[in-house]
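Novice: The structure that follows is given in the form of structure tokens.
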Amino acid sequence: MKHPMSDKSVTLSRRAFLRGAGVALALPWFETFAAGGLSKDETPKRFVSIYHPDGVGLPLKSDPAWNDWSWFPRGGEKDFEFTKVLDVLEPLRSDVTIYSGLSHPAARNVHGHSNADQYLTGAPIGGHGPYQNSISLDQAYAEHAGGFTRHSSLVMSTNGGAGGPRGAQTQSFNREGRPIPAMNKPKQIFDLLFVTSGRDAAERLARSKSALDLLIDNTRSLGRQLSKHDQQTLQQYLDAVRDTELKLAKAQKWIDAPIPKVDTRNLHLDAEPKEARLYFQTMYELIYLAFLSDSTRVATFQLGRENGEGPHDLLSLAVGLGGAHGLTHEVKKPGGWQNLGTYNRYQAEEFGRFAQKLKHTPEPNGKGNMLDNTFAMHGSASSSFHLSRNYPIISAGGKNLGFTNGRYLKFGKGNEDNQAGAGIATDAGWNSKMEVEELPLAKLFVTILQRLGVERDSFGGHTGTLTRV
Amino acid sequence: MKPLNNTVLLVLGSAWAILTASGQETPISLETAKQLGRVKSSFLKETKEVERPPGIMPKANVAFFQKSVGPILKKNCLACHGPEKSKGRLRIDQLNPDLVTGPDVERWREVFNALSKSEMPPKDEPDYALADADRGRVVDWLSGELNTASLIRRNSGQHSSFRRLTNYEYNYALQDLLGLPYALANKLPPETASDDGFKNSSELLQMSSMQFETYREIGLKALKRATVIGDRPPAVTYSISMQEEMDKAASGKEAKTSGKKMNTKKARNQQQLFNRETGESMPFPAGKSMPRAEAVAGQNPAVSPVVLVLPRASELKLDLDRFLPDEGTMRVRIRAGRSTMKPDEYASLRLIFSAHTSNNAEFSQVVSEHDIPVTASADNPEFIYFDIPLGDIQRNPFRKLTTTFPRRDEFLHILNVSNATGGEEPLQILIDHIEIVAPFYEQWPPKTHTVIFIASSHKGDEQTYGREVLNRFLKRVWRRPITALEINQFMALFAKYRPEFPTFEEAMVEVLATALATPEFLYLTQRVEASEPKGFLASLRSFLHLTPGLKANETKSPARISELEFASRLSVFLWSSIPDDELLKLAEQGKLRKPEVLTAQINRVLADPRSQRFPRHFVEQWLGLDRMNSVTHVTDSALREAMQKEPVAFFDEVLRHNRSIMDFLHSDYAVVNERLATHYRIPKVYGPQFRKVSIAPQANRGGLLTGAAIMTMNSDGKDSHPLKRGVWMLKRILDDPPPPPPPNVPEVDLTNPEILKMTLKERITDHRNKPACLSCHSRIDPWGIAFENYDALGVFRTSIKNQPVDATAELFNRQTLAGVDGLKRYLLTDRQDQFARAMVHKLTAYALGRPLSFTDRADIDSLTAQFRRRGDGLGDLINLIVSSNIFNSK
């Protein structure tokens, strides 16, 4: 695939950059180079996180359903055996890793209905009262890699928008801890990525610049007439305008790069969540296409919100089951564990299909296949019912980033068989005392960031990486 | 009410039944319960509120607590809520009795709620029973203290009504501003509802760069749609005369059938061309319709005897080939009449647009917003028309191919939606002429253009004219007068843009689009004094009765919003949109808040079609009707739609006729259309429109509570779900949301065969009898169990799996609810005040666009008292809210 940046518009050629690297690096290189990507030979490093609400099935060992329908595999690091929930990943065994014993310490006593907001941030948002989140993992990486591509990140969810505090409908939060609204309509995402913005794009950008100046002036003068409290609300608007200015500056740099052309024959851009299979596959396909065309290297996708009725609740129709959220409440009904497991299995199946596709695609401008250069994460901030601990996390790919797959990595102490909080289908668990030891998930985040090339040794207040990964 | 009745009812007190002469108990009728309950209202009693003289600071009455209240609590409550046991995590002995400055107001409010509803002490603890006089003492003291505390803590700045418009409000504002009837805001990121269901809650309405950019995009696109450049574009015109179609077919090879042959009963109810004079008939010819270059749109040709017969559920499919333009309005005019005029039957037209591009690749969508009824007779047919925005509907993506495959044609279907039943003379729609024009303009330039680019003698002078256009536009966008300085800003932008565009209008549209992205358009402002006229400051100071020794912001009444801001708040409340010129003008003149002007304006606003948005959005959010969208067990779309519309139509009926809000609890009428009436087994309701019909008690309907939508969304898809229904009642109707489930609650284990055998109610009882569950479930479940007579679709039933329905439940205060009838009787007799207050609370929260908090309590109480004294009319309540202190305050 051709690089989106045409040679003409690069102010400093790749060759020139390499020759004078030492000097160039001392310059504000980000400004001049960012738009064009670092280089044509540098293999892109990508990160994608898929979030699913409602956790997974975790029956007690004494329950007949344990053998087949407990989410976590049986056995040890290398000789683990998938249960029926994850057996769809068997063909990808050497490309995936399953994690247990990880969670965000600040969330361990937060009710499962409120924990999606902090899955990628680890912020101590608590269960009620004032709300302040912090930057999410994907955005921390986007700050580093966003300049290489036309879009610094792709933020998607089935429900779309930002949701409310503790009811996030997006996984991504910016540096100020404000939610970045997710896109949920395939058509809209496709248009953003692949539809040309027209020949007069440059003029429009210039006009936008003048318009934003006026809007900032106008907003400031309104702000002076408002109360302190209301000024804070208006600040959100000002921040939005400023973010838009940054985006415009970026768009300016990409203005001459041709929009990548993609094959749309198999895309169902009108798919809706109620056509679950089609919708899932279309959304995954869009992430794949965005990566393939190097339109972005960062993506998040949230499959539904916690504790809400809404479109995502219909996703379980894909496997012929009613309301997805209800499945977690009904594990004690006959066939309950199996139903929840079947739905989780379906989620894993789609994730596997996506990973498989990346694996089968050679890296367009670099080494290996696309999966080897992508860290793809799939997980939830609940394991057992409403319990914000022992997150069920799968990762796929990342071989060229330094990840060794084909393993089941158990962290922490005292819960090697995942029985803490198992077998509950009530609120008995979420507020209970922590009897076992788990490690901060942020340590995995630091590992991920470092391997993606971000120099960082802490995330969300937790320092250090995760060994063995 | 007659005085005699009054006395009787007063004597009866909380009696549930009237002893008849024979000594048999018959429950009082629900209408009697309404009267009885009203008399018991504490809001109707002599008011305890005494207007406080300004400057006197109310204080906490701790002395009375120590003397009277404390000892009562100690005697009756401490055993369970003290050092030994602290049920519900409440230590009554540790609550600070100073509600004004102490930290325990919220806990005291819970205590007040439990005591005033007689939920505490539990009835099964006779040792701790609370004498009525003692209960009264505690409740009175608490009510007074809560009120005082709320007054003093008011305006602590916790919640503000400063917020951006919701997506739907923004859409309406843009529609009203530009005169565009189409949905414009679909691209905005979805929004979410607050805990109490409101989407206009200030906290939730966040802003992001994506939201902001989408506003800019939508604004510019809408302006480009409202305005035009250059000459009127040529229109594509299809003119289809049935007479011509028949003549054409007759001269061609198409099989022609004699009237005689087709004149069987079956044939008569088929779609066909038919000559009403000769009886000749034949099928509508296949083939494409082609636009005619010579056709003149908008003509009214002589009525022809040849018509297209369109029976019920039949559709005429017109192949329009590929000539429709990409953008603009398509006007479809159809001259139609009814074959019979039976009043019980209706027939209406619906438009569907489709394409069939190749095998397995087709789409079809309804493009008409509403079905349009055909009311004229066949002898005097009348034109009806649809306007379809071609740029918004799904089009055939291959229509511009130069090859013929995939297929490029687009189809327009004209469908007869009717309740006709057939018989000897079936109701059919007879069409003699169809005209399709696109792009259609009523006039040139269109009105949407001329309200922006106004007529002016300065049109030749871009500087002067530009200022005129901006002044007019900004005034409507910002809902206030505009200063010359502000216009300068926009003219400067215009100067930058002008060289890039060939015409004044195109450059100006870009400038106006910027105005549509300003915070003053997108947000509902409430300015501090600075922007008010000078005299206002003085009046503001006198308005705040400050007390020496206290910080000003602790005691002041909240400042009033300006009259212009008030106009916006009013129109957003009742129109979900910006004010019109009349409201703005009155506000600018300072007349809007004059009582007689305001009353007249509220009436005018409510009489305007825009006010239909208020019932629709308020009721949807209040009752949580969104949840119907994720219900999967209603398969009939007409039923689903009727279910969702019913509560809105019911509210509308109560609002328009200023009926009592107690009708929401029970009414001797229903508001239904034909589809829903069939569902409810109410006979003799015809047609798709909702209307009020009287119902007998045996109909088991009346009020909102048993609405099919409510029952359906609070089911599990197969059967009723008492817990969901109970929670819904408490949250939505009684404004008494149950607490979240506590930790360590055992689950009903349905893998246990013993439990699986039980009926639902037995299961619930079994679960509830576990001590940890008891306190909450006994508060929730009875409210749901009472609805057991209504199944998962809200159909009334008397048996479940051959067992008689048991819908009798007992409330925590030992009150028995015998089915919905019993529930309604109890609410009407004993809980009218609670419901009235809940209603005031919900409507006020919606009107203000912010969550209410403890500090609003005094305002809500005072509003409720005025409302009850006025007689509970919903229309009166709207007036009271708009005139209230809280609605006029920041």
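Letters for chains follow the order of the structure tokens (A, B, ...), residue numbers begin at 1 for each chain, and ligand numbers begin at 1 in the order shown.
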Which parts of segment 118-243 of chain B does DSSP call helix (DSSP H, G or I) when run on the backbone here, written out as a count of residues only?
Specialist: 60
Novice: Taking only C-alpha atoms into account, report as a VMD selection string which residues of chain A lie within 6 Å of chain B.
Specialist: chain A and resid 160 to 161 163 to 164 225 to 226 236 to 237 240 243 to 244 310 332 to 334 426 to 428
Novice: Given the selection you just returned, output its residues as a file containing C-alpha atoms, formatted as a PDB file, in the first residue's frame.
Specialist:
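Listed below is the output, again-v3.pdb:
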```pdb
ATOM      1  CA  GLY A 160     -22.156   5.873  20.924  1.00  0.00           C
ATOM      2  CA  GLY A 161     -21.580   9.232  22.571  1.00  0.00           C
ATOM      3  CA  GLY A 163     -22.675   8.357  28.229  1.00  0.00           C
ATOM      4  CA  GLY A 164     -22.955   9.777  31.736  1.00  0.00           C
ATOM      5  CA  GLN A 225     -21.138  37.412  32.473  1.00  0.00           C
ATOM      6  CA  LEU A 226     -21.609  34.008  34.073  1.00  0.00           C
ATOM      7  CA  GLN A 236     -15.952  22.481  28.334  1.00  0.00           C
ATOM      8  CA  TYR A 237     -17.041  24.379  25.279  1.00  0.00           C
ATOM      9  CA  ALA A 240     -13.818  21.617  22.665  1.00  0.00           C
ATOM     10  CA  ASP A 243      -9.281  20.590  20.595  1.00  0.00           C
ATOM     11  CA  THR A 244     -10.853  21.384  17.285  1.00  0.00           C
ATOM     12  CA  GLY A 310     -30.308  -0.079  25.118  1.00  0.00           C
ATOM     13  CA  LYS A 332     -28.729 -19.465  38.615  1.00  0.00           C
ATOM     14  CA  LYS A 333     -31.573 -20.342  36.307  1.00  0.00           C
ATOM     15  CA  PRO A 334     -31.394 -23.660  34.508  1.00  0.00           C
ATOM     16  CA  THR A 426     -26.117 -11.132  43.521  1.00  0.00           C
ATOM     17  CA  ASP A 427     -24.580  -8.028  44.938  1.00  0.00           C
ATOM     18  CA  ALA A 428     -23.069 -10.127  47.673  1.00  0.00           C
TER      19      ALA A 428
END
```
Novice: Identify which of the residues B:Pro181, B:Pro83, B:Gly197, B:Pro121 lies closest to Ala845 of chain B, counting only C-alpha atoms when measuring atom-to-atom distances.
Specialist: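 Looking at the shortest contact to Ala845 of chain B, the residue is B:Gly197.
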Novice: Quick one: residues within 9 Å of segment 501-505 of chain B, only C-alpha atoms counted, chain neighbours fewer than 5 positions away excluded, as a PyMOL selection string?
Specialist: chain B and resi 227-229+453+462+466+510
Novice: Find the residues near segment 471-485 of chain B: any atom within 10 Å, counting only C-alpha atoms, skip ones fewer than 3 places away on the same chain, and give them as a PyMOL selection string.
Specialist: chain B and resi 173-174+177-178+451-454+465-468+488-491+512+515-525+563-565+567-568+578-581+583-585+587-588
Novice: Which neighbours of Ser152 of chain A fall inside 9 Å, counting only C-alpha atoms, when residues of the same chain fewer than 5 positions from it are skipped, and could you give them as a PDB file with N, CA and C atoms, in the first residue's frame?
Specialist:
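Saved file part27.pdb follows:
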```pdb
ATOM      1  N   GLN A 139      -5.420   6.751  24.803  1.00  0.00           N
ATOM      2  CA  GLN A 139      -5.094   8.144  24.514  1.00  0.00           C
ATOM      3  C   GLN A 139      -3.662   8.457  24.912  1.00  0.00           C
ATOM      4  N   ALA A 142      -1.995   7.412  22.009  1.00  0.00           N
ATOM      5  CA  ALA A 142      -2.318   8.295  20.881  1.00  0.00           C
ATOM      6  C   ALA A 142      -1.524   9.603  20.961  1.00  0.00           C
ATOM      7  N   GLU A 143      -1.246  10.053  22.180  1.00  0.00           N
ATOM      8  CA  GLU A 143      -0.438  11.279  22.311  1.00  0.00           C
ATOM      9  C   GLU A 143       0.936  11.067  21.700  1.00  0.00           C
ATOM     10  N   ALA A 145       1.648   8.379  19.335  1.00  0.00           N
ATOM     11  CA  ALA A 145       1.623   7.869  17.954  1.00  0.00           C
ATOM     12  C   ALA A 145       0.621   8.585  17.068  1.00  0.00           C
ATOM     13  N   GLY A 146      -0.199   9.430  17.663  1.00  0.00           N
ATOM     14  CA  GLY A 146      -1.275  10.059  16.901  1.00  0.00           C
ATOM     15  C   GLY A 146      -0.784  10.906  15.748  1.00  0.00           C
ATOM     16  N   GLY A 147       0.402  11.440  15.888  1.00  0.00           N
ATOM     17  CA  GLY A 147       0.926  12.315  14.846  1.00  0.00           C
ATOM     18  C   GLY A 147       1.322  11.577  13.580  1.00  0.00           C
ATOM     19  N   SER A 295      -4.601   4.679   8.734  1.00  0.00           N
ATOM     20  CA  SER A 295      -5.345   5.913   9.015  1.00  0.00           C
ATOM     21  C   SER A 295      -5.243   6.252  10.493  1.00  0.00           C
ATOM     22  N   THR A 296      -5.056   5.241  11.315  1.00  0.00           N
ATOM     23  CA  THR A 296      -4.814   5.441  12.740  1.00  0.00           C
ATOM     24  C   THR A 296      -4.088   4.203  13.260  1.00  0.00           C
ATOM     25  N   ARG A 297      -3.496   4.346  14.423  1.00  0.00           N
ATOM     26  CA  ARG A 297      -2.847   3.179  15.028  1.00  0.00           C
ATOM     27  C   ARG A 297      -3.443   2.872  16.395  1.00  0.00           C
ATOM     28  N   VAL A 298      -4.469   3.581  16.735  1.00  0.00           N
ATOM     29  CA  VAL A 298      -5.064   3.442  18.067  1.00  0.00           C
ATOM     30  C   VAL A 298      -6.582   3.330  17.926  1.00  0.00           C
TER      31      VAL A 298
END
```
Novice: Contacts between segment 117-127 of chain A and segment 332-395 of chain A, please, where a residue of segment 332-395 of chain A counts if it comes within 10 Å (with only C-alpha atoms); show its shortest atom pair and distance in Å to one decimal, rows by chain and ascending number, as CSV.
Specialist:
```
residue,atom,partner,partner_atom,distance
A:Gly379,CA,A:Tyr119,CA,8.9
A:Ser380,CA,A:Tyr119,CA,7.3
A:Ala381,CA,A:Tyr119,CA,5.7
A:Ser382,CA,A:Tyr119,CA,9.4
A:Ser388,CA,A:Tyr119,CA,9.7
A:Tyr391,CA,A:Tyr119,CA,9.3
```
Novice: Quick one: residues within 12 Å of His360 of chain A, only C-alpha atoms, excluding same-chain residues fewer than 2 positions away - as a ChimeraX atom specification?
Specialist: /A:92,288,292,353-358,362-364,368-372,397
Novice: Using only C-alpha atoms, which protein or nucleic acid residues come within 8 Å of Ser136 of chain A? Drop anything in the same chain fewer than 2 positions from it, and give the result as a ChimeraX atom specification.
Specialist: /A:120-121,134,138-140,171-174,177
Novice: For Gly590 of chain B, which residue among B:Phe566, B:Val820, B:Ser799, B:Ser571 is the nearest when counting only C-alpha atoms?
Specialist: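 Of the candidates, the smallest distance to Gly590 of chain B is held by B:Phe566.
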Novice: Would you mind telling me which residue in B:Asp876, B:Leu823, B:Gln815, B:Asp132 lies nearest to Glu119 of chain B when using only C-alpha atoms?
Specialist: B:Gln815
